[in-house]
Every structure is written in C-alpha cells, then in structure tokens.
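Report on the following structure.
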Amino acid sequence: MRIGIIGTGVAGSLLAEGLQGFDVTAFERVAPGDQAESGTGLNIGPNALKALRLHMPARHAALRAASLPWQRWFVDLADGTRLFDLDMLAVAEEPGVRIRWSELYRLLREPLAGFTRHGHALEALEEDAAGRLVPVFRTADGLRRDGGFDLLVGADGRYSRLRALAAGEPPATLLGVCIWRLLVTDAADCPYDDYGQWFNGNARLLSFRVPGGAVYIAGTFPLPADERIPEAMKTGVAQRALFTPKTGAPCAAVAWMLAKIDQHVAQIHWARSAVVPVLRHALDGRALFLGDAAQAMVPTLGQGATQAVECGVVAARVLRAGGDAAAVAAARDSRVAFVRDFSMAASDTLLPPADVVAGTRRKMQPEFLNRLRQLYTEVD
Ligand SMILES: Cc1cc2nc3c(=O)[nH]c(=O)nc-3n(C[C@H](O)[C@H](O)[C@H](O)COP(=O)(O)OP(=O)(O)OC[C@H]3O[C@@H](n4cnc5c(N)ncnc54)[C@H](O)[C@@H]3O)c2cc1C
C-alpha cells in the first residue's frame, strides 16, 4: 500500500516515523529547518508522554531531553489569591512537558530526513485510472505530482487543505474568546517557573518557563462570537486594564507579565478560539485525517498537540497492523469525543457570566479530578 502524508507537524511526523519501512512519502509545505510558523511555546499533557513511552520510546526520550517537566498546575486570581494547586502526579503516571514549538518540530522531524519532500504545499487533488488519489503540490518550480497513493493522510493542521479538497471547508464554531500568545526570551527575572493561570474576571493569563531561559505567555478574554478582535484591544494599555485587579495591585507574576506585554506587544499572535466538527476519513477511506485536520479543539486543557501525538502514535500502530482509515476511526473517535467534550466543559470559567472562584474551586473536587485522571492515563 502506498501512503502519502500531507504535513509533518505533530501528528504527521509521528505517523511517518512509525511507518518507516513501509512505502511512505511525507510532503511538507515549509523548507527544512524553517520554523517560521512555530514561534511560541506549549505544554504537552502526560497522556501524550504515556503514548510515546509505550510505543515510541526513542521519541519519548528526545522529548524529555528537549523540554522541562510539567509537574504542577496552579490557578490564582490576578491579585495572587490561590484557588487551585495540583501536583500532576496526583492524576497522571508521569509529568507532561513544557517546550518551545521550534524545538518540538525539530525533534519530531529529525527521523524523517530521508523521506520528506519539503517545499511541497498541497494545492489540488486528482485521481488516476486505478482510482488512487494523486495530490498536486505547489513548489518553487511550479506544480508537481508524485503519482497515485492508496491512502493520503491529512496531517496538515487546522486549515487542512486535504480536508477542504476531499470533503469541503468545515464550518467553524467560535467559542467566544480571543486567545493570544507570546514567547518572551529576555526572561531571566521571571518570578515563577511551572504552569500557572491567573484570572481577572473571566480574562485569564497562562504562563510557564520553557527551555532556553524563555517564558511562554498566553492570554484569553471574552469576545462576542460574531466579532473580530478589536484593534483597540491589541495594545499594552488595553491588556494592562484587562488583567489589573480592582485593587489596582497585581501580584508579582501578573505585574511581570504586564511589563513584558507592554514591551513585546508587537510580537503577540492574536486568534479567536474555534472548533470544527470531527471528520476522520473521506472519499471512501482513501483520505484519512489526523490531529487538527480531523479534530481542531479549544485549547483550554492544552490537548491540541497532545491529541495530535496520540493520533500519530495510534494511526501508525493500526496501519502497520494492516488496518485502514475506518480502523483508525474505531481506535480514535470515542477518545477524541471525550477529550473535546471535557476541554469544552473546562472552558466554563473563560466565559461570562461564570463565577471564576466557584468554577475553579470545583476543579479541585473529585468529579473534575477523576476526569483529568481519565484524560491523562486512559492511553493504551
Ligand atoms: C494559541 C494556541 C495555543 C496552543 N497551545 C497548545 C498547548 O499548550 N498544548 C497543546 O497540546 N496544543 C496547543 N495548541 C494546539 C496545537 O497548536 C495544535 O493542536 C497542534 O499543532 C496540531 O498538530 P497537527 O499535527 O495536527 O498540526 P500542525 O502541528 O499544525 O502541523 C501541520 C503541518 O502541516 C503543514 N501544512 C499545512 N498546510 C499544508 C499544505 N497545504 N501542504 C503541505 N503541508 C502543509 C504545516 O506546515 C505543518 O508542518 C495551541 C493552539 C493555539 C492556537
């Protein structure tokens, strides 16, 4: 069976590595070493680490070596009042990780050097006489074809071109929050280390250190679902007003972040949080979707890349054993439905009129912690 993988981000790289020895070609839009689209940091959940530990131990070791452990998760109000404090090992079998995007892509793409065609952006889809899919790529030298594939895997992210070509553009549902992210590299004096969240009303800062002396900061604030992000909100002054508590005295961590936002506001990446319906395969199983291409979800529990890891690991296992796109769906879809529903439910405190104090304290109760344990450990 000839397999083509579109996109070597998180899911595509792991699938390609897991299928080594099979007739596999990976196609990636960016040039080798070009991480222009991956400028910030992220946290990857313990469930992804477990999947790698069980099935791809070399990648598990590489990820651990390039990252810091995500061992603790705390939630404060912007004045420093503590609402939630969790030792990750209370609900997981190993810590998650904190890493820079550029490092994550580098270490996942490392094993693929021999069989990735870089500078190939999927543009169109044709079919050969045998009914195999023929992807058409835009390259620096014009349009290129590489023959027919029995299976094409769309691992090309949230705006998947393969999904659009095979099944139409998916409708996006906006969550009603703006989300922005920033990587601060002049961070030697940062007063915190592991994963923290700080609420002021329903607006929330999230931050942690990543390797190389940098700090990742992400902010969210409510935004009517049908509205664009107002330019007036994209300033240091507006963000300071949003995250300064009524007392006028932010805690040391929030004060530090506000100073960095002022300094680096031009580098902030702004987006609106959205989900699209899950689609695992199309075109009678000749097109399979993994990661964000199949299941873009809200980032509240940090499960986007984490689920893309699970997708890559599981799909490699199923396809290696001779399974098809329907078998990958059977192995993934109920798990993904659980994670999407849980991520959405956990977003409650980001949206008015939710009471942040009561909603966050509820997350220290057994009902939430048991779901978190299921999320982090129910990985085969
Ligand atoms: C603000 C924000 C914060 C986030 N924070 C976290 C977090 O802390 N933890 C977490 O787990 N997740 C996080 N996520 C989610 C995470 O970014 C995605 O879920 C994850 O990257 C999906 O992985 P993927 O492999 O599906 O796609 P991607 O990693 O997006 O990879 C897609 C690949 O396909 C390539 N490609 C795209 N189009 C084409 C084409 N036409 N032809 C060829 N190649 C193509 C791209 O260059 C890329 O290499 C966050 C997302 C956002 C927006």
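Each chain in the structure tokens gets a letter, A, B, ..., in the order shown, and its residues are numbered from 1; ligands are numbered from 1 in order too.
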
List every residue of chain A that has an atom at most 6 Å from any atom of ligand 1, giving for each one its closest atom pair and the distance in Å to one decimal, counting only C-alpha atoms and all ligand atoms, sorted by chain and then by ascending residue number, as CSV.
```
residue,atom,partner,partner_atom_place_in_ligand_line,distance
A:Ile6,CA,ligand 1,43 (C),5.1
A:Gly7,CA,ligand 1,34 (O),3.3
A:Thr8,CA,ligand 1,49 (O),4.5
A:Gly9,CA,ligand 1,31 (O),3.3
A:Val10,CA,ligand 1,25 (O),3.5
A:Ala11,CA,ligand 1,25 (O),3.9
A:Gly12,CA,ligand 1,25 (O),5.7
A:Phe27,CA,ligand 1,43 (C),5.7
A:Glu28,CA,ligand 1,44 (N),4.1
A:Arg29,CA,ligand 1,44 (N),3.9
A:Val30,CA,ligand 1,47 (O),5.4
A:Leu42,CA,ligand 1,8 (O),3.6
A:Asn43,CA,ligand 1,8 (O),4.1
A:Ile44,CA,ligand 1,11 (O),4.7
A:His120,CA,ligand 1,43 (C),5.7
A:Ala121,CA,ligand 1,42 (N),3.4
A:Leu122,CA,ligand 1,42 (N),3.9
A:Ala155,CA,ligand 1,26 (O),5.5
A:Asp156,CA,ligand 1,34 (O),3.3
A:Gly157,CA,ligand 1,27 (O),3.6
A:Ser160,CA,ligand 1,38 (N),5.9
A:Arg161,CA,ligand 1,41 (N),5.1
A:Ile179,CA,ligand 1,1 (C),5.7
A:Trp180,CA,ligand 1,1 (C),5.7
A:Arg181,CA,ligand 1,1 (C),5.6
A:Gly291,CA,ligand 1,26 (O),3.4
A:Asp292,CA,ligand 1,26 (O),3.8
A:Ala293,CA,ligand 1,26 (O),5.7
A:Pro299,CA,ligand 1,50 (C),5.5
A:Gly302,CA,ligand 1,9 (N),3.7
A:Gln303,CA,ligand 1,11 (O),4.1
A:Gly304,CA,ligand 1,19 (O),3.0
A:Ala305,CA,ligand 1,11 (O),3.4
A:Thr306,CA,ligand 1,11 (O),4.1
A:Ala308,CA,ligand 1,23 (O),5.0
```

Would you list the contacts of A:Ala113 as a list in words, taking every protein, DNA or RNA residue within 12 Å and counting only C-alpha atoms, but skipping same-chain residues closer than 2 positions in sequence?
Thr8, Ser13, Ala16, Glu17, Gln20, Thr25, Ala26, Phe27, Glu28, Ala31, Pro32, Gly33, Arg106, Leu107, Leu108, Arg109, Glu110, Pro111, Phe115, Thr116, Arg117 and His118 of chain A

Between atom CA of A:Pro171 and atom CA of A:Gln295, what distance in Å does the model show, to one decimal?
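Computing it gives 12.2 Å between the two atoms.
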
Go ahead and compute the interatomic distance for atom CA of A:Gly285 and atom CA of A:Val318, in Å to one decimal.
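Answer for the atom CA of A:Gly285 to atom CA of A:Val318 separation: 14.0 Å.
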
Strand (DSSP E) positions in stretch 105-321 of chain A, given as a ChimeraX atom specification
/A:116-117,121-127,133-139,142-145,151-154,173-184,195-200,203-210,214-222,269-275,281-282,287-289

Tell me, as a ChimeraX atom specification, which residues lie within 9 Å of A:Val184, counting only C-alpha atoms; anything in the same chain fewer than 3 positions away does not count.
/A:40,187,213-217,260-261,264

My list of candidates is A:Val309, A:Leu206, A:Leu151, A:Val379. Which is closest to A:Arg335 when distances are computed with only C-alpha atoms?
A:Val379

For a test of reading the model, state the distance in Å between atom CA of A:Leu112 and atom CA of A:Ala329, rounded to one decimal.
24.9 Å

Would you mind telling me which residue in A:Gly196, A:Pro211, A:Gly359, A:Gly45 lies nearest to A:Ala346 when using only C-alpha atoms?
A:Gly359

When you count only C-alpha atoms, which of these residues is closest to A:Glu378: A:Ala315, A:Ala271, A:Val336, A:Ala129?
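With only C-alpha atoms as the atom set, the closest residue is A:Val336.
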
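Shortest separation to A:Arg317 among A:Val356, A:Ala130, A:Leu19, A:Val91 occurs at residue A:Leu19, atoms counted being only C-alpha atoms.
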